[in-house]
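Text of the file coords_32.csv, holding CSV, C-alpha atoms:
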```
chain,number,residue,atom,x,y,z
A,1,MET,CA,-50.1,87.8,-103.7
A,2,TYR,CA,-47.2,87.4,-101.3
A,3,VAL,CA,-46.5,84.0,-99.5
A,4,SER,CA,-44.2,83.9,-96.5
A,5,VAL,CA,-42.5,80.5,-96.2
A,6,LEU,CA,-41.9,79.7,-92.6
A,7,LYS,CA,-40.6,76.5,-91.0
A,8,ASN,CA,-42.4,75.7,-87.8
A,9,ARG,CA,-39.4,76.2,-85.5
A,10,MET,CA,-39.7,77.8,-82.1
A,11,PHE,CA,-39.3,81.5,-83.1
A,12,GLU,CA,-41.4,81.1,-86.2
A,13,ASN,CA,-44.2,79.4,-84.3
A,14,LYS,CA,-44.1,82.3,-81.8
A,15,PHE,CA,-44.2,84.7,-84.7
A,16,LEU,CA,-47.3,83.0,-86.3
A,17,ARG,CA,-49.1,82.9,-82.9
A,18,GLU,CA,-48.5,86.6,-82.1
A,19,ASN,CA,-48.8,88.2,-85.6
A,20,GLY,CA,-51.7,86.5,-87.3
A,21,HIS,CA,-53.1,90.0,-88.0
A,22,LEU,CA,-50.4,90.5,-90.6
A,23,PHE,CA,-51.8,87.8,-92.8
A,24,ASP,CA,-54.8,88.4,-95.1
A,25,GLY,CA,-55.9,87.3,-98.5
A,26,ASN,CA,-52.9,89.0,-100.1
A,27,ILE,CA,-50.3,88.0,-97.6
A,28,VAL,CA,-50.4,84.3,-96.7
A,29,PRO,CA,-48.1,82.0,-94.8
A,30,LEU,CA,-46.9,78.7,-96.2
A,31,ILE,CA,-45.9,76.6,-93.1
A,32,GLU,CA,-43.3,74.0,-93.6
A,33,MET,CA,-43.9,71.5,-90.9
A,34,ILE,CA,-40.6,70.0,-89.8
A,35,SER,CA,-41.5,69.2,-86.2
A,36,LEU,CA,-44.5,68.2,-84.1
A,37,LYS,CA,-43.2,70.1,-81.2
A,38,ILE,CA,-43.9,73.6,-79.9
A,39,GLY,CA,-41.2,74.3,-77.3
A,40,LYS,CA,-40.8,71.0,-75.5
A,41,THR,CA,-44.4,69.9,-75.9
A,42,LYS,CA,-45.1,67.3,-78.6
A,43,TYR,CA,-48.4,67.4,-80.4
A,44,SER,CA,-50.2,65.2,-83.0
A,45,VAL,CA,-50.6,66.5,-86.5
A,46,GLN,CA,-54.3,67.2,-85.8
A,47,GLU,CA,-53.5,69.2,-82.6
A,48,LEU,CA,-50.9,71.4,-84.5
A,49,MET,CA,-53.4,72.0,-87.3
A,50,ASP,CA,-56.0,73.2,-84.6
A,51,LYS,CA,-53.4,75.6,-83.3
A,52,TYR,CA,-52.6,77.0,-86.7
A,53,ASP,CA,-56.3,77.4,-87.5
A,54,SER,CA,-56.7,79.5,-84.4
A,55,TYR,CA,-53.9,81.9,-85.4
A,56,PHE,CA,-55.4,83.2,-88.6
A,57,ASN,CA,-58.6,84.6,-90.0
A,58,TYR,CA,-57.7,83.6,-93.6
A,59,ASN,CA,-56.5,80.5,-95.3
A,60,TYR,CA,-52.9,79.4,-95.2
A,61,PHE,CA,-50.8,76.7,-96.9
A,62,LEU,CA,-49.4,73.7,-95.1
A,63,ASP,CA,-46.4,71.6,-96.5
A,64,PHE,CA,-45.3,68.5,-94.7
A,65,PHE,CA,-41.6,69.3,-95.3
A,66,THR,CA,-39.0,66.6,-96.0
A,67,PHE,CA,-35.5,66.8,-97.5
A,68,SER,CA,-32.9,64.6,-99.0
A,69,GLY,CA,-29.6,63.9,-97.2
A,70,ASN,CA,-27.5,66.2,-99.4
A,71,GLU,CA,-30.0,69.1,-99.6
A,72,TYR,CA,-28.7,70.9,-96.4
A,73,LYS,CA,-25.1,70.8,-95.2
A,74,LYS,CA,-26.0,71.1,-91.5
A,75,PHE,CA,-29.0,70.0,-89.5
A,76,ASP,CA,-29.9,68.5,-86.1
A,77,ALA,CA,-31.5,65.1,-86.6
A,78,ASN,CA,-33.3,65.4,-83.3
A,79,GLN,CA,-35.0,68.7,-84.3
A,80,THR,CA,-35.9,67.4,-87.8
A,81,GLN,CA,-37.0,63.9,-86.8
A,82,PHE,CA,-40.5,64.4,-88.1
A,83,SER,CA,-39.3,65.6,-91.5
A,84,ILE,CA,-36.9,62.6,-91.8
A,85,SER,CA,-39.7,60.2,-90.8
A,86,ILE,CA,-41.9,61.2,-93.7
A,87,ARG,CA,-39.4,60.6,-96.5
A,88,ASP,CA,-41.2,57.4,-97.1
A,89,GLU,CA,-44.7,56.1,-96.1
A,90,LYS,CA,-43.6,53.6,-93.4
A,91,GLU,CA,-44.7,55.7,-90.5
A,92,TYR,CA,-47.2,58.2,-92.0
A,93,ASP,CA,-49.5,57.7,-95.0
A,94,TYR,CA,-48.9,60.9,-97.0
A,95,LEU,CA,-52.6,61.3,-98.0
A,96,ASN,CA,-54.6,59.9,-95.1
A,97,ASP,CA,-52.4,60.6,-92.1
A,98,LEU,CA,-51.1,64.0,-93.3
A,99,LEU,CA,-52.8,65.8,-96.2
A,100,MET,CA,-56.3,64.7,-95.1
A,101,VAL,CA,-55.8,66.3,-91.7
A,102,VAL,CA,-55.2,69.6,-93.5
A,103,VAL,CA,-58.3,69.1,-95.7
A,104,ASN,CA,-60.3,68.7,-92.5
A,105,SER,CA,-58.9,71.8,-90.9
A,106,LYS,CA,-60.7,75.1,-90.9
A,107,ARG,CA,-58.3,77.2,-93.0
A,108,GLY,CA,-55.4,75.0,-94.2
A,109,ILE,CA,-54.8,74.4,-97.9
A,110,PRO,CA,-53.0,71.0,-98.4
A,111,THR,CA,-49.7,71.4,-100.3
A,112,ILE,CA,-48.4,68.4,-102.3
A,113,SER,CA,-44.6,68.9,-102.4
A,114,ILE,CA,-42.8,67.1,-105.3
A,115,LYS,CA,-39.1,66.7,-104.6
A,116,ASP,CA,-36.5,64.0,-104.8
A,117,ALA,CA,-36.7,63.3,-101.1
A,118,ARG,CA,-40.3,62.1,-101.5
A,119,SER,CA,-39.3,59.3,-103.9
A,120,PHE,CA,-42.6,57.4,-103.5
A,121,LEU,CA,-44.4,60.3,-105.3
A,122,LEU,CA,-42.0,60.6,-108.3
A,123,GLN,CA,-44.3,59.0,-110.8
A,124,GLU,CA,-46.8,60.9,-112.9
A,125,LYS,CA,-49.7,58.5,-112.1
A,126,SER,CA,-49.0,58.8,-108.3
A,127,ILE,CA,-49.0,62.6,-108.5
A,128,LEU,CA,-52.2,62.8,-110.5
A,129,ASP,CA,-54.0,60.3,-108.3
A,130,LEU,CA,-53.1,62.3,-105.2
A,131,ILE,CA,-54.2,65.6,-106.7
A,132,GLU,CA,-57.5,64.2,-107.9
A,133,LYS,CA,-58.3,62.5,-104.6
A,134,LEU,CA,-57.7,65.8,-102.8
A,135,GLN,CA,-59.7,67.8,-105.3
A,136,LEU,CA,-62.8,65.5,-104.6
A,137,VAL,CA,-62.9,66.7,-101.0
A,138,CYS,CA,-61.1,70.1,-101.0
A,139,GLU,CA,-62.0,73.5,-102.6
A,140,SER,CA,-58.3,74.4,-103.1
A,141,VAL,CA,-55.2,72.2,-103.5
A,142,ALA,CA,-51.6,73.5,-103.9
A,143,VAL,CA,-48.8,71.6,-105.7
A,144,ARG,CA,-45.2,72.7,-105.0
A,145,ILE,CA,-42.6,71.5,-107.4
A,146,LYS,CA,-38.8,72.0,-107.4
A,147,SER,CA,-37.4,73.4,-110.6
A,148,SER,CA,-35.3,70.2,-110.9
A,149,ASN,CA,-38.4,68.1,-111.3
A,150,PHE,CA,-40.4,70.6,-113.4
A,151,ASP,CA,-39.7,69.0,-116.9
A,152,ASN,CA,-40.9,65.6,-115.8
A,153,TYR,CA,-44.3,66.6,-114.3
A,154,PHE,CA,-45.5,70.0,-115.2
A,155,ASN,CA,-47.6,69.1,-118.3
A,156,ALA,CA,-49.4,66.4,-116.3
A,157,ILE,CA,-50.0,68.7,-113.3
A,158,ASP,CA,-51.1,71.5,-115.6
A,159,SER,CA,-53.8,69.3,-117.1
A,160,VAL,CA,-55.7,68.7,-113.8
A,161,LEU,CA,-55.3,71.9,-111.7
A,162,ARG,CA,-58.5,73.9,-111.3
A,163,GLU,CA,-59.1,77.6,-111.2
A,164,THR,CA,-59.2,77.4,-107.4
A,165,ASP,CA,-55.9,75.6,-107.1
A,166,TYR,CA,-52.2,76.8,-106.9
A,167,LEU,CA,-48.9,75.8,-108.4
A,168,PHE,CA,-45.7,76.8,-106.5
A,169,TYR,CA,-42.7,76.8,-108.7
A,170,ASP,CA,-39.6,76.5,-106.4
A,171,ILE,CA,-36.2,77.7,-107.6
A,172,ASP,CA,-34.7,78.0,-104.1
A,173,GLU,CA,-31.4,80.0,-104.4
A,174,ASP,CA,-31.1,79.6,-108.2
A,175,SER,CA,-31.4,82.7,-110.4
A,176,ILE,CA,-34.7,83.3,-112.2
A,177,GLU,CA,-32.7,83.9,-115.4
A,178,SER,CA,-31.5,80.3,-115.4
A,179,LYS,CA,-35.1,79.1,-115.6
A,180,PHE,CA,-36.0,80.7,-118.9
A,181,PHE,CA,-37.5,77.6,-120.6
A,182,ASP,CA,-39.5,76.7,-117.6
A,183,ILE,CA,-40.9,80.2,-117.4
A,184,GLU,CA,-41.8,80.2,-121.0
A,185,LEU,CA,-43.6,76.9,-120.6
A,186,ILE,CA,-45.7,78.2,-117.7
A,187,LYS,CA,-46.6,81.3,-119.8
A,188,GLN,CA,-47.6,79.3,-122.8
A,189,ALA,CA,-49.8,77.0,-120.7
A,190,ASN,CA,-52.2,79.9,-120.1
A,191,THR,CA,-53.0,78.5,-116.7
A,192,ILE,CA,-56.4,79.0,-115.1
A,193,TYR,CA,-55.0,78.3,-111.6
A,194,LYS,CA,-52.7,80.7,-109.5
A,195,THR,CA,-49.0,80.4,-110.0
A,196,ILE,CA,-46.5,81.4,-107.2
A,197,LEU,CA,-42.8,81.7,-107.7
A,198,ILE,CA,-40.8,80.6,-104.6
A,199,ASN,CA,-37.2,81.8,-104.2
A,200,SER,CA,-34.7,82.2,-101.4
A,201,PRO,CA,-32.8,85.5,-102.0
A,202,ARG,CA,-30.8,85.3,-98.8
A,203,GLN,CA,-28.2,82.6,-99.6
A,204,ARG,CA,-27.1,80.0,-97.1
A,205,LYS,CA,-23.4,80.5,-97.8
A,206,PHE,CA,-23.3,83.9,-96.3
A,207,ASN,CA,-23.0,84.1,-92.5
A,208,ASN,CA,-23.7,87.2,-90.4
A,209,SER,CA,-20.3,88.7,-90.7
A,210,SER,CA,-20.5,88.6,-94.5
A,211,TYR,CA,-22.9,91.5,-94.5
A,212,ILE,CA,-21.7,95.1,-94.7
A,213,ASP,CA,-22.1,97.3,-91.6
A,214,CYS,CA,-24.4,100.3,-91.7
A,215,GLU,CA,-25.4,100.1,-95.4
A,216,TYR,CA,-27.8,98.5,-97.8
A,217,THR,CA,-26.5,95.0,-98.5
A,218,GLY,CA,-25.8,93.9,-102.1
A,219,LEU,CA,-25.8,90.2,-101.0
A,220,ILE,CA,-29.6,89.8,-101.2
A,221,ASP,CA,-31.3,90.2,-104.6
A,222,ASN,CA,-34.9,90.8,-103.8
A,223,SER,CA,-35.9,91.8,-107.3
A,224,ILE,CA,-38.4,89.0,-107.7
A,225,ARG,CA,-40.7,90.9,-105.4
A,226,LYS,CA,-40.9,93.6,-108.1
A,227,ASP,CA,-40.6,91.4,-111.2
A,228,TYR,CA,-42.7,88.3,-110.5
A,229,ALA,CA,-45.6,89.4,-112.6
A,230,SER,CA,-43.4,90.1,-115.6
A,231,TYR,CA,-42.4,86.4,-115.5
A,232,GLY,CA,-46.1,85.5,-115.7
A,233,PHE,CA,-46.7,84.6,-112.0
A,234,ASP,CA,-49.7,85.6,-109.9
A,235,GLY,CA,-47.6,85.9,-106.8
A,236,TYR,CA,-44.2,85.4,-105.2
A,237,ALA,CA,-42.9,83.6,-102.1
A,238,ASP,CA,-39.7,83.8,-100.0
A,239,TYR,CA,-38.4,83.2,-96.5
A,240,SER,CA,-39.2,86.7,-95.2
A,241,GLY,CA,-35.6,87.8,-94.7
A,242,ILE,CA,-34.2,84.6,-93.1
A,243,LYS,CA,-32.3,81.8,-94.7
A,244,ASN,CA,-33.8,78.6,-96.0
A,245,VAL,CA,-31.9,76.4,-93.4
A,246,LEU,CA,-32.8,73.7,-91.0
A,247,PRO,CA,-32.2,73.9,-87.2
A,248,THR,CA,-28.8,72.9,-86.0
A,249,ALA,CA,-27.5,71.7,-82.6
A,250,GLY,CA,-26.1,75.2,-82.0
A,251,GLY,CA,-22.6,76.5,-81.7
A,252,ASN,CA,-20.2,78.0,-79.2
A,253,GLY,CA,-22.3,81.1,-78.6
A,254,GLN,CA,-20.0,83.3,-80.7
A,255,GLY,CA,-20.9,85.0,-83.9
A,256,ALA,CA,-21.5,88.4,-85.5
A,257,ALA,CA,-24.6,90.1,-84.1
A,258,LEU,CA,-26.7,91.2,-87.1
A,259,GLY,CA,-29.7,93.5,-87.5
A,260,MET,CA,-31.4,93.0,-90.9
A,261,PHE,CA,-34.0,95.7,-91.6
A,262,PHE,CA,-36.0,95.4,-94.9
A,263,VAL,CA,-37.0,98.8,-96.4
A,264,ALA,CA,-39.9,98.3,-98.8
A,265,SER,CA,-39.4,101.6,-100.6
A,266,THR,CA,-35.9,100.6,-101.8
A,267,ASN,CA,-36.6,96.8,-101.8
A,268,LYS,CA,-33.3,96.3,-100.0
A,269,PHE,CA,-32.1,95.2,-96.6
A,270,PHE,CA,-30.2,97.7,-94.4
A,271,THR,CA,-27.8,95.7,-92.3
A,272,ILE,CA,-26.0,96.7,-89.0
A,273,VAL,CA,-23.3,94.2,-88.0
A,274,ASN,CA,-21.2,94.0,-84.9
A,275,LYS,CA,-18.0,92.4,-86.3
A,276,ASP,CA,-16.7,91.4,-82.9
A,277,THR,CA,-17.8,87.8,-83.0
A,278,LYS,CA,-16.6,87.1,-79.5
A,279,GLN,CA,-19.5,89.1,-78.1
A,280,GLY,CA,-22.0,86.7,-79.7
A,281,ALA,CA,-25.7,87.6,-79.3
A,282,SER,CA,-24.8,90.3,-76.7
A,283,GLY,CA,-23.3,92.2,-79.5
A,284,HIS,CA,-26.7,93.3,-80.5
A,285,HIS,CA,-26.4,96.2,-78.2
A,286,TYR,CA,-24.4,97.8,-81.0
A,287,VAL,CA,-27.2,97.1,-83.5
A,288,ILE,CA,-29.8,98.6,-81.1
A,289,SER,CA,-27.9,101.7,-80.4
A,290,LEU,CA,-27.4,102.5,-84.1
A,291,ALA,CA,-30.9,101.5,-85.2
A,292,PHE,CA,-32.4,103.8,-82.6
A,293,GLY,CA,-29.8,106.5,-83.0
A,294,LYS,CA,-27.9,107.4,-86.2
A,295,PHE,CA,-30.2,105.4,-88.6
A,296,VAL,CA,-33.6,105.8,-87.0
A,297,SER,CA,-34.6,108.4,-89.7
A,298,ILE,CA,-33.9,105.7,-92.4
A,299,LEU,CA,-35.3,102.7,-90.6
A,300,ASN,CA,-38.3,104.1,-88.7
A,301,PRO,CA,-39.1,107.5,-90.1
A,302,SER,CA,-42.8,107.4,-89.1
A,303,SER,CA,-42.2,105.8,-85.7
A,304,ASN,CA,-44.7,103.1,-86.6
A,305,CYS,CA,-42.5,100.0,-87.2
A,306,PRO,CA,-43.7,97.0,-85.1
A,307,ALA,CA,-40.2,95.5,-85.2
A,308,PHE,CA,-38.9,98.7,-83.5
A,309,ASP,CA,-41.7,98.5,-81.0
A,310,TYR,CA,-40.7,94.9,-80.2
A,311,ILE,CA,-37.0,95.8,-79.8
A,312,ASP,CA,-38.0,98.8,-77.6
A,313,ASN,CA,-40.4,96.9,-75.4
A,314,VAL,CA,-38.7,93.5,-75.1
A,315,PHE,CA,-35.0,94.5,-75.3
A,316,ARG,CA,-34.4,98.2,-74.4
A,317,LYS,CA,-36.8,98.6,-71.6
A,318,ASN,CA,-35.5,95.4,-69.9
A,319,ALA,CA,-31.8,96.2,-70.6
A,320,LYS,CA,-31.6,93.1,-72.8
A,321,THR,CA,-29.9,92.6,-76.2
A,322,GLY,CA,-31.9,89.5,-77.4
A,323,SER,CA,-31.0,86.0,-78.4
A,324,TRP,CA,-30.3,84.8,-81.9
A,325,GLY,CA,-33.8,83.4,-82.3
A,326,GLN,CA,-35.4,86.7,-81.1
A,327,TRP,CA,-33.5,88.6,-83.8
A,328,LYS,CA,-34.8,86.2,-86.4
A,329,TYR,CA,-38.2,87.1,-85.0
A,330,VAL,CA,-37.4,90.8,-85.5
A,331,THR,CA,-36.3,90.1,-89.1
A,332,LEU,CA,-39.6,88.4,-89.9
A,333,LEU,CA,-41.7,91.1,-88.2
A,334,ARG,CA,-39.9,93.8,-90.0
A,335,TYR,CA,-40.1,92.2,-93.4
A,336,ILE,CA,-43.7,91.1,-93.4
A,337,SER,CA,-44.9,94.4,-91.8
A,338,GLU,CA,-43.1,96.3,-94.5
A,339,ILE,CA,-44.6,94.2,-97.2
A,340,LYS,CA,-48.1,94.7,-95.7
A,341,LYS,CA,-47.6,98.5,-95.5
A,342,SER,CA,-46.4,98.6,-99.1
A,343,THR,CA,-49.6,96.8,-100.3
A,344,ILE,CA,-52.1,99.0,-98.4
```
Could you spell out this file's structure in structure tokens?
Amino acid sequence: MYVSVLKNRMFENKFLRENGHLFDGNIVPLIEMISLKIGKTKYSVQELMDKYDSYFNYNYFLDFFTFSGNEYKKFDANQTQFSISIRDEKEYDYLNDLLMVVVNSKRGIPTISIKDARSFLLQEKSILDLIEKLQLVCESVAVRIKSSNFDNYFNAIDSVLRETDYLFYDIDEDSIESKFFDIELIKQANTIYKTILINSPRQRKFNNSSYIDCEYTGLIDNSIRKDYASYGFDGYADYSGIKNVLPTAGGNGQGAALGMFFVASTNKFFTIVNKDTKQGASGHHYVISLAFGKFVSILNPSSNCPAFDYIDNVFRKNAKTGSWGQWKYVTLLRYISEIKKSTI
């Protein structure tokens, strides 16, 4: 099972709306809700759930995402206002105002996220009460736990999860090797529920210009895609080729234009980078020319890549080079479509 972790920013919402066909019982999205807006329009939690229900023919996970002040170096408070507002229960009741909306949706699986930012939940009794209340009214419940909180709560969670439930073990950018004792504990528990390993192989510290031009990058270790079962997990999750970051207020328009093309057969990302940062997003003309020229036999050998179709129809035919957000859309489309083709 592969789970694509996507924050509900503008380009990810667009991706979910336009590519629901990529998701099935084996490829599933986990939506991290950080905003109640799509574009400039604000919705209620219920209205957003109705929209997500309409995108998919299969179940999906929904996590009301929050974060502590030191978890991300840069973020725009205006674009993450909802996430900040749910750190405590002053504005939203975590069970009734949020998770129960997911329970009452057509396809959403409520995901209880245990992390330091959600301090009101960091007691064993609170966690167990919440799980058991959801289990009374929901066929499947997911619990997501950061590795830093694992020792404190795993045994209790393990004792109540059912065969139809899920446990997400989240290591973010940490190496799997550093979690040896946690992994052994999960294996020894002989779990009846599904276990999913979440990792973020594309590290936040690397910017676009860090990647090598016209080569498979060594900066992204995607080995968990191949190895998750050997660690005792039923599935794996990652951010589908993009970084686990929050939206920012934007920059000066400059930066290295990057094309990041996942190749499932090698389990690596082929990167094409325009190192002239002054060109900004317009520098993607360099990426496009090489992707459709010199490297097309590597990147689109069967001429059936939907990401290439998108670049061709949206950019090339309109003499455009694409925005930063559109190229994140391309990265997502390429990665998830490659995963899907590799599982057929």
**Request:** Tell me which protein, DNA and RNA residues are within 8 Å of Asp234 (chain A), counting all atoms listed in the file, leaving out same-chain ones fewer than 2 positions away, and put them as a ChimeraX atom specification.
**Result:** /A:1,194-196,228-229,232,236
Counting all atoms listed in the file, what is within 8 Å of region 29-34 of chain A, bar same-chain residues fewer than 6 positions away, as a PDB file with C-alpha atoms, in the frame of the given file?
```pdb
ATOM      1  CA  VAL A   3     -46.500  84.000 -99.500  1.00  0.00           C
ATOM      2  CA  SER A   4     -44.200  83.900 -96.500  1.00  0.00           C
ATOM      3  CA  VAL A   5     -42.500  80.500 -96.200  1.00  0.00           C
ATOM      4  CA  LEU A   6     -41.900  79.700 -92.600  1.00  0.00           C
ATOM      5  CA  LYS A   7     -40.600  76.500 -91.000  1.00  0.00           C
ATOM      6  CA  ASN A   8     -42.400  75.700 -87.800  1.00  0.00           C
ATOM      7  CA  ARG A   9     -39.400  76.200 -85.500  1.00  0.00           C
ATOM      8  CA  PHE A  23     -51.800  87.800 -92.800  1.00  0.00           C
ATOM      9  CA  TYR A  60     -52.900  79.400 -95.200  1.00  0.00           C
ATOM     10  CA  PHE A  61     -50.800  76.700 -96.900  1.00  0.00           C
ATOM     11  CA  LEU A  62     -49.400  73.700 -95.100  1.00  0.00           C
ATOM     12  CA  ASP A  63     -46.400  71.600 -96.500  1.00  0.00           C
ATOM     13  CA  PHE A  64     -45.300  68.500 -94.700  1.00  0.00           C
ATOM     14  CA  PHE A  65     -41.600  69.300 -95.300  1.00  0.00           C
ATOM     15  CA  THR A  66     -39.000  66.600 -96.000  1.00  0.00           C
ATOM     16  CA  GLN A  79     -35.000  68.700 -84.300  1.00  0.00           C
ATOM     17  CA  THR A  80     -35.900  67.400 -87.800  1.00  0.00           C
ATOM     18  CA  GLN A  81     -37.000  63.900 -86.800  1.00  0.00           C
ATOM     19  CA  PHE A  82     -40.500  64.400 -88.100  1.00  0.00           C
ATOM     20  CA  SER A  83     -39.300  65.600 -91.500  1.00  0.00           C
TER      21      SER A  83
END
```
**Request:** Could you jot down the CA of Glu18 (chain A) to CA of Glu173 (chain A) separation for me, Å, one decimal place?
**Result:**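 Spanning CA of Glu18 (chain A) to CA of Glu173 (chain A) is a straight-line distance of 28.9 Å.
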With all atoms listed in the file counted and 7 Å as the cut-off, give the residues of region 78-134 of chain A in contact with region 144-149 of chain A, each with its shortest interatomic distance in Å and the pair that gives it, as a Markdown table.
```
| residue | atom | partner | partner_atom | distance |
| --- | --- | --- | --- | --- |
| A:Thr111 | CA | A:Arg144 | CA | 6.6 |
| A:Ile112 | CA | A:Arg144 | CA | 6.0 |
| A:Ser113 | CA | A:Arg144 | CA | 4.6 |
| A:Ile114 | CA | A:Ile145 | CA | 4.9 |
| A:Lys115 | CA | A:Lys146 | CA | 6.0 |
```
**Request:** Find the spatial neighbours of region 164-166 of chain A, counting all atoms listed in the file, within a cut-off of 7 Å - ignore same-chain residues fewer than 4 positions away - and output them as an MDAnalysis selection string.
**Result:** chainID A and resid 139:143 193:195
What would region 132-196 of chain A look like if you wrote it out as a compact mmCIF listing (two decimals), in the first residue's frame, with C-alpha atoms included, from the block I just posted?
```txt
# COMPACT_ATOMS: atom_id res chain seq x y z
CA GLU A 132 -12.59 4.27 21.29
CA LYS A 133 -15.19 7.00 20.67
CA LEU A 134 -14.36 6.99 16.96
CA GLN A 135 -14.36 3.21 16.77
CA LEU A 136 -17.95 3.15 18.01
CA VAL A 137 -19.11 5.06 14.93
CA CYS A 138 -16.46 4.37 12.30
CA GLU A 139 -15.40 1.23 10.45
CA SER A 140 -11.76 2.36 10.18
CA VAL A 141 -9.69 4.74 12.30
CA ALA A 142 -6.10 5.82 11.70
CA VAL A 143 -3.61 6.91 14.33
CA ARG A 144 -0.54 8.86 13.24
CA ILE A 145 2.29 9.08 15.72
CA LYS A 146 5.59 10.91 15.45
CA SER A 147 8.58 8.74 16.28
CA SER A 148 9.50 11.14 19.10
CA ASN A 149 6.24 10.21 20.88
CA PHE A 150 6.31 6.52 20.06
CA ASP A 151 7.74 5.17 23.34
CA ASN A 152 5.15 6.95 25.42
CA TYR A 153 2.01 5.76 23.64
CA PHE A 154 2.58 2.78 21.35
CA ASN A 155 1.71 0.00 23.82
CA ALA A 156 -1.58 1.65 24.72
CA ILE A 157 -2.52 2.32 21.09
CA ASP A 158 -1.55 -1.21 20.07
CA SER A 159 -3.96 -2.64 22.64
CA VAL A 160 -7.07 -1.02 21.14
CA LEU A 161 -6.59 -0.86 17.36
CA ARG A 162 -8.74 -3.27 15.37
CA GLU A 163 -8.06 -5.26 12.21
CA THR A 164 -9.73 -2.53 10.15
CA ASP A 165 -7.65 0.29 11.69
CA TYR A 166 -4.30 1.84 10.70
CA LEU A 167 -1.17 3.00 12.48
CA PHE A 168 1.05 5.58 10.75
CA TYR A 169 4.58 5.64 12.17
CA ASP A 170 6.07 9.00 11.14
CA ILE A 171 9.86 9.42 11.02
CA ASP A 172 9.79 12.56 8.81
CA GLU A 173 13.39 13.13 7.59
CA ASP A 174 15.07 10.79 10.11
CA SER A 175 16.80 7.66 8.87
CA ILE A 176 14.99 4.37 9.32
CA GLU A 177 18.17 2.85 10.75
CA SER A 178 17.97 5.22 13.73
CA LYS A 179 14.56 3.74 14.66
CA PHE A 180 15.77 0.18 15.22
CA PHE A 181 14.16 -0.30 18.64
CA ASP A 182 10.82 1.16 17.56
CA ILE A 183 10.78 -1.11 14.52
CA GLU A 184 11.51 -4.17 16.63
CA LEU A 185 8.70 -3.26 19.02
CA ILE A 186 6.23 -2.97 16.15
CA LYS A 187 7.36 -6.34 14.79
CA GLN A 188 7.07 -8.04 18.18
CA ALA A 189 3.58 -6.62 18.71
CA ASN A 190 2.29 -8.90 15.94
CA THR A 191 -0.24 -6.26 14.96
CA ILE A 192 -3.63 -7.18 13.48
CA TYR A 193 -4.10 -3.67 12.07
CA LYS A 194 -2.31 -2.12 9.06
CA THR A 195 1.00 -0.33 9.73
CA ILE A 196 2.25 2.42 7.41
```
